[in-house]
$ cat input-v1.cif   # mmCIF, N, CA and C atoms
data_entry
#
loop_
_atom_site.label_atom_id
_atom_site.label_comp_id
_atom_site.auth_asym_id
_atom_site.auth_seq_id
_atom_site.Cartn_x
_atom_site.Cartn_y
_atom_site.Cartn_z
N MET N 1 16.69 -89.46 -40.85
CA MET N 1 16.84 -88.92 -39.51
C MET N 1 18.34 -88.81 -39.20
N ILE N 2 18.71 -87.68 -38.61
CA ILE N 2 20.09 -87.45 -38.20
C ILE N 2 20.18 -87.68 -36.69
N VAL N 3 21.17 -88.46 -36.28
CA VAL N 3 21.40 -88.73 -34.86
C VAL N 3 22.70 -88.03 -34.45
N HIS N 4 22.63 -87.34 -33.33
CA HIS N 4 23.76 -86.58 -32.78
C HIS N 4 23.99 -87.08 -31.36
N ILE N 5 25.14 -87.68 -31.12
CA ILE N 5 25.48 -88.22 -29.80
C ILE N 5 26.73 -87.51 -29.30
N VAL N 6 26.68 -87.06 -28.05
CA VAL N 6 27.84 -86.43 -27.43
C VAL N 6 28.02 -87.05 -26.05
N MET N 7 29.28 -87.34 -25.69
CA MET N 7 29.61 -87.85 -24.37
C MET N 7 30.56 -86.87 -23.70
N PHE N 8 30.36 -86.67 -22.40
CA PHE N 8 31.16 -85.71 -21.65
C PHE N 8 31.79 -86.37 -20.43
N LYS N 9 33.04 -86.01 -20.17
CA LYS N 9 33.74 -86.38 -18.94
C LYS N 9 33.96 -85.08 -18.18
N LEU N 10 33.46 -85.02 -16.95
CA LEU N 10 33.51 -83.78 -16.18
C LEU N 10 34.70 -83.71 -15.23
N LYS N 11 35.07 -82.47 -14.90
CA LYS N 11 36.07 -82.23 -13.88
C LYS N 11 35.52 -82.73 -12.55
N GLU N 12 36.38 -83.13 -11.65
CA GLU N 12 35.94 -83.64 -10.34
C GLU N 12 35.33 -82.55 -9.47
N GLU N 13 35.81 -81.32 -9.59
CA GLU N 13 35.31 -80.23 -8.77
C GLU N 13 33.83 -79.97 -9.07
N ASN N 14 32.99 -80.06 -8.04
CA ASN N 14 31.54 -79.84 -8.16
C ASN N 14 30.88 -80.75 -9.21
N LYS N 15 31.41 -81.92 -9.37
CA LYS N 15 30.95 -82.83 -10.44
C LYS N 15 29.46 -83.13 -10.37
N GLN N 16 28.95 -83.52 -9.23
CA GLN N 16 27.54 -83.91 -9.14
C GLN N 16 26.62 -82.73 -9.41
N ALA N 17 26.95 -81.57 -8.86
CA ALA N 17 26.13 -80.38 -9.10
C ALA N 17 26.17 -79.99 -10.57
N ASN N 18 27.33 -80.10 -11.19
CA ASN N 18 27.45 -79.76 -12.61
C ASN N 18 26.70 -80.74 -13.50
N LEU N 19 26.71 -82.01 -13.13
CA LEU N 19 25.93 -83.00 -13.89
C LEU N 19 24.44 -82.66 -13.85
N VAL N 20 23.94 -82.32 -12.69
CA VAL N 20 22.54 -81.96 -12.54
C VAL N 20 22.22 -80.71 -13.36
N MET N 21 23.11 -79.73 -13.30
CA MET N 21 22.90 -78.48 -14.04
C MET N 21 22.92 -78.72 -15.55
N ILE N 22 23.90 -79.47 -16.03
CA ILE N 22 23.99 -79.76 -17.47
C ILE N 22 22.73 -80.47 -17.95
N ARG N 23 22.32 -81.47 -17.21
CA ARG N 23 21.12 -82.22 -17.60
C ARG N 23 19.92 -81.29 -17.68
N ALA N 24 19.76 -80.43 -16.69
CA ALA N 24 18.61 -79.52 -16.65
C ALA N 24 18.61 -78.56 -17.83
N VAL N 25 19.75 -77.96 -18.13
CA VAL N 25 19.77 -76.98 -19.23
C VAL N 25 19.64 -77.66 -20.59
N LEU N 26 20.21 -78.84 -20.74
CA LEU N 26 20.06 -79.56 -22.01
C LEU N 26 18.61 -79.95 -22.24
N GLU N 27 17.94 -80.41 -21.19
CA GLU N 27 16.56 -80.87 -21.35
C GLU N 27 15.58 -79.74 -21.65
N GLN N 28 16.01 -78.50 -21.51
CA GLN N 28 15.17 -77.35 -21.88
C GLN N 28 15.29 -77.00 -23.37
N LEU N 29 16.35 -77.47 -24.02
CA LEU N 29 16.58 -77.09 -25.42
C LEU N 29 15.48 -77.50 -26.40
N PRO N 30 14.85 -78.66 -26.27
CA PRO N 30 13.79 -78.99 -27.23
C PRO N 30 12.63 -77.99 -27.22
N LYS N 31 12.41 -77.33 -26.11
CA LYS N 31 11.35 -76.32 -26.02
C LYS N 31 11.76 -75.01 -26.69
N LYS N 32 13.06 -74.82 -26.88
CA LYS N 32 13.58 -73.56 -27.38
C LYS N 32 14.07 -73.61 -28.83
N ILE N 33 14.34 -74.83 -29.33
CA ILE N 33 14.92 -74.98 -30.68
C ILE N 33 14.03 -75.92 -31.47
N LYS N 34 13.28 -75.37 -32.43
CA LYS N 34 12.27 -76.16 -33.14
C LYS N 34 12.88 -77.25 -34.02
N GLU N 35 14.11 -77.10 -34.45
CA GLU N 35 14.76 -78.10 -35.31
C GLU N 35 15.12 -79.37 -34.55
N LEU N 36 15.14 -79.30 -33.25
CA LEU N 36 15.50 -80.44 -32.40
C LEU N 36 14.28 -81.33 -32.23
N VAL N 37 14.30 -82.50 -32.87
CA VAL N 37 13.15 -83.42 -32.85
C VAL N 37 13.02 -84.10 -31.50
N SER N 38 14.12 -84.65 -30.99
CA SER N 38 14.07 -85.34 -29.70
C SER N 38 15.44 -85.26 -29.03
N MET N 39 15.42 -85.41 -27.70
CA MET N 39 16.66 -85.39 -26.94
C MET N 39 16.53 -86.27 -25.72
N GLU N 40 17.59 -87.01 -25.44
CA GLU N 40 17.67 -87.83 -24.23
C GLU N 40 19.03 -87.54 -23.60
N VAL N 41 19.01 -87.28 -22.29
CA VAL N 41 20.24 -87.01 -21.55
C VAL N 41 20.38 -88.08 -20.49
N GLY N 42 21.53 -88.75 -20.46
CA GLY N 42 21.75 -89.81 -19.48
C GLY N 42 22.98 -89.56 -18.64
N LEU N 43 22.83 -89.82 -17.33
CA LEU N 43 23.96 -89.75 -16.40
C LEU N 43 24.47 -91.18 -16.19
N SER N 44 25.73 -91.38 -16.41
CA SER N 44 26.31 -92.72 -16.38
C SER N 44 26.58 -93.21 -14.97
N PHE N 45 26.39 -94.51 -14.78
CA PHE N 45 26.80 -95.14 -13.53
C PHE N 45 28.05 -95.99 -13.74
N ALA N 46 28.54 -96.07 -14.98
CA ALA N 46 29.75 -96.83 -15.29
C ALA N 46 30.97 -96.15 -14.68
N GLU N 47 31.94 -96.95 -14.30
CA GLU N 47 33.18 -96.43 -13.74
C GLU N 47 34.35 -96.98 -14.53
N GLY N 48 35.49 -96.36 -14.39
CA GLY N 48 36.70 -96.83 -15.06
C GLY N 48 37.20 -95.83 -16.07
N ASP N 49 38.36 -96.12 -16.63
CA ASP N 49 39.03 -95.20 -17.55
C ASP N 49 38.22 -94.91 -18.81
N ARG N 50 37.46 -95.89 -19.29
CA ARG N 50 36.70 -95.71 -20.54
C ARG N 50 35.37 -94.99 -20.33
N ALA N 51 34.95 -94.86 -19.08
CA ALA N 51 33.63 -94.32 -18.78
C ALA N 51 33.59 -92.80 -18.93
N PHE N 52 32.48 -92.31 -19.47
CA PHE N 52 32.17 -90.89 -19.51
C PHE N 52 31.03 -90.65 -18.52
N ASP N 53 30.82 -89.40 -18.14
CA ASP N 53 29.87 -89.09 -17.08
C ASP N 53 28.45 -88.81 -17.56
N LEU N 54 28.32 -88.29 -18.76
CA LEU N 54 27.02 -87.88 -19.26
C LEU N 54 26.98 -88.09 -20.76
N SER N 55 25.84 -88.52 -21.26
CA SER N 55 25.68 -88.65 -22.71
C SER N 55 24.41 -87.93 -23.15
N LEU N 56 24.48 -87.45 -24.37
CA LEU N 56 23.38 -86.73 -25.00
C LEU N 56 23.07 -87.44 -26.31
N TYR N 57 21.80 -87.80 -26.49
CA TYR N 57 21.34 -88.44 -27.72
C TYR N 57 20.22 -87.55 -28.27
N SER N 58 20.44 -86.96 -29.43
CA SER N 58 19.41 -86.09 -30.00
C SER N 58 19.21 -86.41 -31.48
N THR N 59 18.02 -86.06 -31.99
CA THR N 59 17.71 -86.35 -33.38
C THR N 59 17.20 -85.09 -34.09
N PHE N 60 17.43 -85.08 -35.41
CA PHE N 60 17.06 -83.97 -36.28
C PHE N 60 16.58 -84.55 -37.60
N LYS N 61 15.76 -83.80 -38.31
CA LYS N 61 15.26 -84.28 -39.61
C LYS N 61 16.34 -84.23 -40.68
N THR N 62 17.20 -83.21 -40.65
CA THR N 62 18.21 -83.03 -41.71
C THR N 62 19.54 -82.58 -41.12
N LYS N 63 20.59 -82.69 -41.90
CA LYS N 63 21.90 -82.16 -41.49
C LYS N 63 21.82 -80.65 -41.29
N GLU N 64 21.02 -80.00 -42.10
CA GLU N 64 20.85 -78.55 -41.98
C GLU N 64 20.21 -78.18 -40.63
N ASP N 65 19.25 -78.99 -40.18
CA ASP N 65 18.64 -78.76 -38.88
C ASP N 65 19.66 -78.92 -37.75
N LEU N 66 20.54 -79.91 -37.89
CA LEU N 66 21.61 -80.09 -36.90
C LEU N 66 22.53 -78.86 -36.89
N ALA N 67 22.86 -78.35 -38.07
CA ALA N 67 23.71 -77.15 -38.17
C ALA N 67 23.02 -75.94 -37.54
N THR N 68 21.72 -75.81 -37.76
CA THR N 68 20.97 -74.70 -37.15
C THR N 68 21.00 -74.82 -35.64
N TYR N 69 20.78 -76.01 -35.13
CA TYR N 69 20.85 -76.27 -33.68
C TYR N 69 22.23 -75.92 -33.14
N ALA N 70 23.27 -76.35 -33.83
CA ALA N 70 24.64 -76.13 -33.35
C ALA N 70 24.97 -74.65 -33.21
N SER N 71 24.39 -73.82 -34.07
CA SER N 71 24.70 -72.39 -34.02
C SER N 71 23.61 -71.55 -33.33
N HIS N 72 22.58 -72.21 -32.82
CA HIS N 72 21.47 -71.50 -32.15
C HIS N 72 21.97 -70.87 -30.85
N LYS N 73 21.53 -69.65 -30.56
CA LYS N 73 22.00 -68.92 -29.38
C LYS N 73 21.74 -69.67 -28.08
N GLU N 74 20.62 -70.38 -27.97
CA GLU N 74 20.32 -71.13 -26.75
C GLU N 74 21.28 -72.30 -26.58
N HIS N 75 21.62 -72.96 -27.68
CA HIS N 75 22.58 -74.06 -27.63
C HIS N 75 23.96 -73.53 -27.28
N ILE N 76 24.34 -72.41 -27.86
CA ILE N 76 25.65 -71.82 -27.59
C ILE N 76 25.80 -71.48 -26.11
N LYS N 77 24.75 -70.98 -25.47
CA LYS N 77 24.80 -70.69 -24.03
C LYS N 77 25.12 -71.95 -23.23
N VAL N 78 24.48 -73.05 -23.59
CA VAL N 78 24.71 -74.32 -22.89
C VAL N 78 26.14 -74.80 -23.14
N VAL N 79 26.58 -74.74 -24.38
CA VAL N 79 27.94 -75.16 -24.73
C VAL N 79 28.97 -74.34 -23.96
N ASP N 80 28.76 -73.04 -23.87
CA ASP N 80 29.70 -72.19 -23.15
C ASP N 80 29.84 -72.62 -21.69
N PHE N 81 28.73 -72.98 -21.04
CA PHE N 81 28.80 -73.47 -19.67
C PHE N 81 29.49 -74.83 -19.61
N ILE N 82 29.09 -75.74 -20.48
CA ILE N 82 29.67 -77.09 -20.46
C ILE N 82 31.18 -77.04 -20.62
N LYS N 83 31.67 -76.18 -21.49
CA LYS N 83 33.12 -76.08 -21.71
C LYS N 83 33.88 -75.74 -20.43
N THR N 84 33.23 -75.09 -19.48
CA THR N 84 33.92 -74.70 -18.25
C THR N 84 34.02 -75.83 -17.24
N VAL N 85 33.25 -76.91 -17.43
CA VAL N 85 33.20 -77.97 -16.41
C VAL N 85 33.60 -79.35 -16.93
N VAL N 86 33.97 -79.47 -18.19
CA VAL N 86 34.35 -80.77 -18.73
C VAL N 86 35.85 -80.85 -18.99
N THR N 87 36.35 -82.07 -18.98
CA THR N 87 37.75 -82.31 -19.33
C THR N 87 37.87 -82.91 -20.73
N GLU N 88 36.78 -83.54 -21.18
CA GLU N 88 36.82 -84.24 -22.47
C GLU N 88 35.41 -84.44 -22.99
N SER N 89 35.28 -84.43 -24.32
CA SER N 89 34.00 -84.78 -24.93
C SER N 89 34.27 -85.48 -26.25
N LYS N 90 33.31 -86.28 -26.67
CA LYS N 90 33.37 -87.01 -27.94
C LYS N 90 32.01 -86.86 -28.61
N VAL N 91 32.01 -86.86 -29.94
CA VAL N 91 30.77 -86.71 -30.68
C VAL N 91 30.71 -87.74 -31.82
N VAL N 92 29.49 -88.16 -32.11
CA VAL N 92 29.21 -89.01 -33.27
C VAL N 92 27.92 -88.48 -33.89
N ASP N 93 27.96 -88.21 -35.20
CA ASP N 93 26.80 -87.81 -35.97
C ASP N 93 26.62 -88.81 -37.10
N TYR N 94 25.40 -89.30 -37.28
CA TYR N 94 25.18 -90.25 -38.37
C TYR N 94 23.74 -90.17 -38.88
N ILE N 95 23.54 -90.74 -40.06
CA ILE N 95 22.22 -90.82 -40.67
C ILE N 95 21.60 -92.13 -40.27
N HIS N 96 20.40 -92.07 -39.75
CA HIS N 96 19.70 -93.30 -39.32
C HIS N 96 18.62 -93.63 -40.32
#

$ encode --input "input-v1.cif" --output "structure tokens"
Amino acid sequence: MIVHIVMFKLKEENKQANLVMIRAVLEQLPKKIKELVSMEVGLSFAEGDRAFDLSLYSTFKTKEDLATYASHKEHIKVVDFIKTVVTESKVVDYIH
């Protein structure tokens, strides 16, 4: 199993509305991308310099499935929006 984790730090402008929007569009992806086995989206309540605002935990059967997801048109639409409202993101991919 491949695990894909991404954390996002959002711009302050319209932050709460953007968090809700990101969560909503991400949670639609499992219905649209068959290679995506599971997805969990969490909004953080942690505060401080180390804290990020939103995390994404998703799983795939293979690295190839993760690559297909990454280049899928529905995923690209979400990424294009997220890029406009975040200041920073981090990713971790590993084999479980």

$ resolve_selection --input "input-v1.cif" --expression "the PyMOL selection byres ((chain N and resi 12-27) around 7)" --output "ChimeraX atom specification"
/N:10-11,28-31,39,41,78,82

$ atom_distance --input "input-v1.cif" --atom1 "atom C of N:Ile5" --atom2 "atom C of N:Ser55"
6.6 Å

$ closest_residue --input "input-v1.cif" --among "N:Thr62, N:Tyr69, N:Ser44, N:Ala51" --to "N:Met1" --atoms "all atoms listed in the file"
N:Thr62

$ residues_around --input "input-v1.cif" --residues "N:Asp53" --least-positions-apart "3" --cutoff "6.5 Å" --atoms "only N, CA and C atoms" --output "list in words"
Met7, Phe8, Lys9, Leu10, Gly42, Leu43 and Ser44 of chain N

$ resolve_selection --input "input-v1.cif" --expression "the PyMOL selection byres ((chain N and resi 95) around 6.5)" --output "list in words"
Met1, Ile2, Val3, Asp93, Tyr94 and His96 of chain N

$ closest_residue --input "input-v1.cif" --among "N:Ile76, N:Val6, N:Ile33, N:Leu56" --to "N:Ser89" --atoms "all atoms listed in the file"
N:Val6

$ atom_distance --input "input-v1.cif" --atom1 "atom CA of N:Leu36" --atom2 "atom CA of N:Val92"
16.2 Å

$ atom_distance --input "input-v1.cif" --atom1 "atom CA of N:Lys90" --atom2 "atom C of N:Tyr57"
13.2 Å

$ closest_residue --input "input-v1.cif" --among "N:Glu40, N:Glu47, N:Glu88, N:Glu35" --to "N:Lys63" --atoms "only C-alpha atoms"
N:Glu35

$ select_by_dssp --input "input-v1.cif" --residues "stretch 4-85 of chain N" --states "strand (DSSP E or B)" --output "short mmCIF file (atom, residue, chain, number, x, y, z; two decimals) with N, CA and C atoms, in the frame of the given file"
data_model
loop_
_atom_site.label_atom_id
_atom_site.label_comp_id
_atom_site.auth_asym_id
_atom_site.auth_seq_id
_atom_site.Cartn_x
_atom_site.Cartn_y
_atom_site.Cartn_z
N HIS N 4 22.63 -87.34 -33.33
CA HIS N 4 23.76 -86.58 -32.78
C HIS N 4 23.99 -87.08 -31.36
N ILE N 5 25.14 -87.68 -31.12
CA ILE N 5 25.48 -88.22 -29.80
C ILE N 5 26.73 -87.51 -29.30
N VAL N 6 26.68 -87.06 -28.05
CA VAL N 6 27.84 -86.43 -27.43
C VAL N 6 28.02 -87.05 -26.05
N MET N 7 29.28 -87.34 -25.69
CA MET N 7 29.61 -87.85 -24.37
C MET N 7 30.56 -86.87 -23.70
N PHE N 8 30.36 -86.67 -22.40
CA PHE N 8 31.16 -85.71 -21.65
C PHE N 8 31.79 -86.37 -20.43
N LYS N 9 33.04 -86.01 -20.17
CA LYS N 9 33.74 -86.38 -18.94
C LYS N 9 33.96 -85.08 -18.18
N LEU N 10 33.46 -85.02 -16.95
CA LEU N 10 33.51 -83.78 -16.18
C LEU N 10 34.70 -83.71 -15.23
N LEU N 36 15.14 -79.30 -33.25
CA LEU N 36 15.50 -80.44 -32.40
C LEU N 36 14.28 -81.33 -32.23
N VAL N 37 14.30 -82.50 -32.87
CA VAL N 37 13.15 -83.42 -32.85
C VAL N 37 13.02 -84.10 -31.50
N SER N 38 14.12 -84.65 -30.99
CA SER N 38 14.07 -85.34 -29.70
C SER N 38 15.44 -85.26 -29.03
N MET N 39 15.42 -85.41 -27.70
CA MET N 39 16.66 -85.39 -26.94
C MET N 39 16.53 -86.27 -25.72
N GLU N 40 17.59 -87.01 -25.44
CA GLU N 40 17.67 -87.83 -24.23
C GLU N 40 19.03 -87.54 -23.60
N VAL N 41 19.01 -87.28 -22.29
CA VAL N 41 20.24 -87.01 -21.55
C VAL N 41 20.38 -88.08 -20.49
N GLY N 42 21.53 -88.75 -20.46
CA GLY N 42 21.75 -89.81 -19.48
C GLY N 42 22.98 -89.56 -18.64
N LEU N 43 22.83 -89.82 -17.33
CA LEU N 43 23.96 -89.75 -16.40
C LEU N 43 24.47 -91.18 -16.19
N LEU N 54 28.32 -88.29 -18.76
CA LEU N 54 27.02 -87.88 -19.26
C LEU N 54 26.98 -88.09 -20.76
N SER N 55 25.84 -88.52 -21.26
CA SER N 55 25.68 -88.65 -22.71
C SER N 55 24.41 -87.93 -23.15
N LEU N 56 24.48 -87.45 -24.37
CA LEU N 56 23.38 -86.73 -25.00
C LEU N 56 23.07 -87.44 -26.31
N TYR N 57 21.80 -87.80 -26.49
CA TYR N 57 21.34 -88.44 -27.72
C TYR N 57 20.22 -87.55 -28.27
N SER N 58 20.44 -86.96 -29.43
CA SER N 58 19.41 -86.09 -30.00
C SER N 58 19.21 -86.41 -31.48
N THR N 59 18.02 -86.06 -31.99
CA THR N 59 17.71 -86.35 -33.38
C THR N 59 17.20 -85.09 -34.09
N PHE N 60 17.43 -85.08 -35.41
CA PHE N 60 17.06 -83.97 -36.28
C PHE N 60 16.58 -84.55 -37.60
#

$ select_by_dssp --input "input-v1.cif" --residues "stretch 23-81 of chain N" --states "helix (DSSP H, G or I)" --output "number ranges by chain"
N: 23-32, 63-71, 73-81
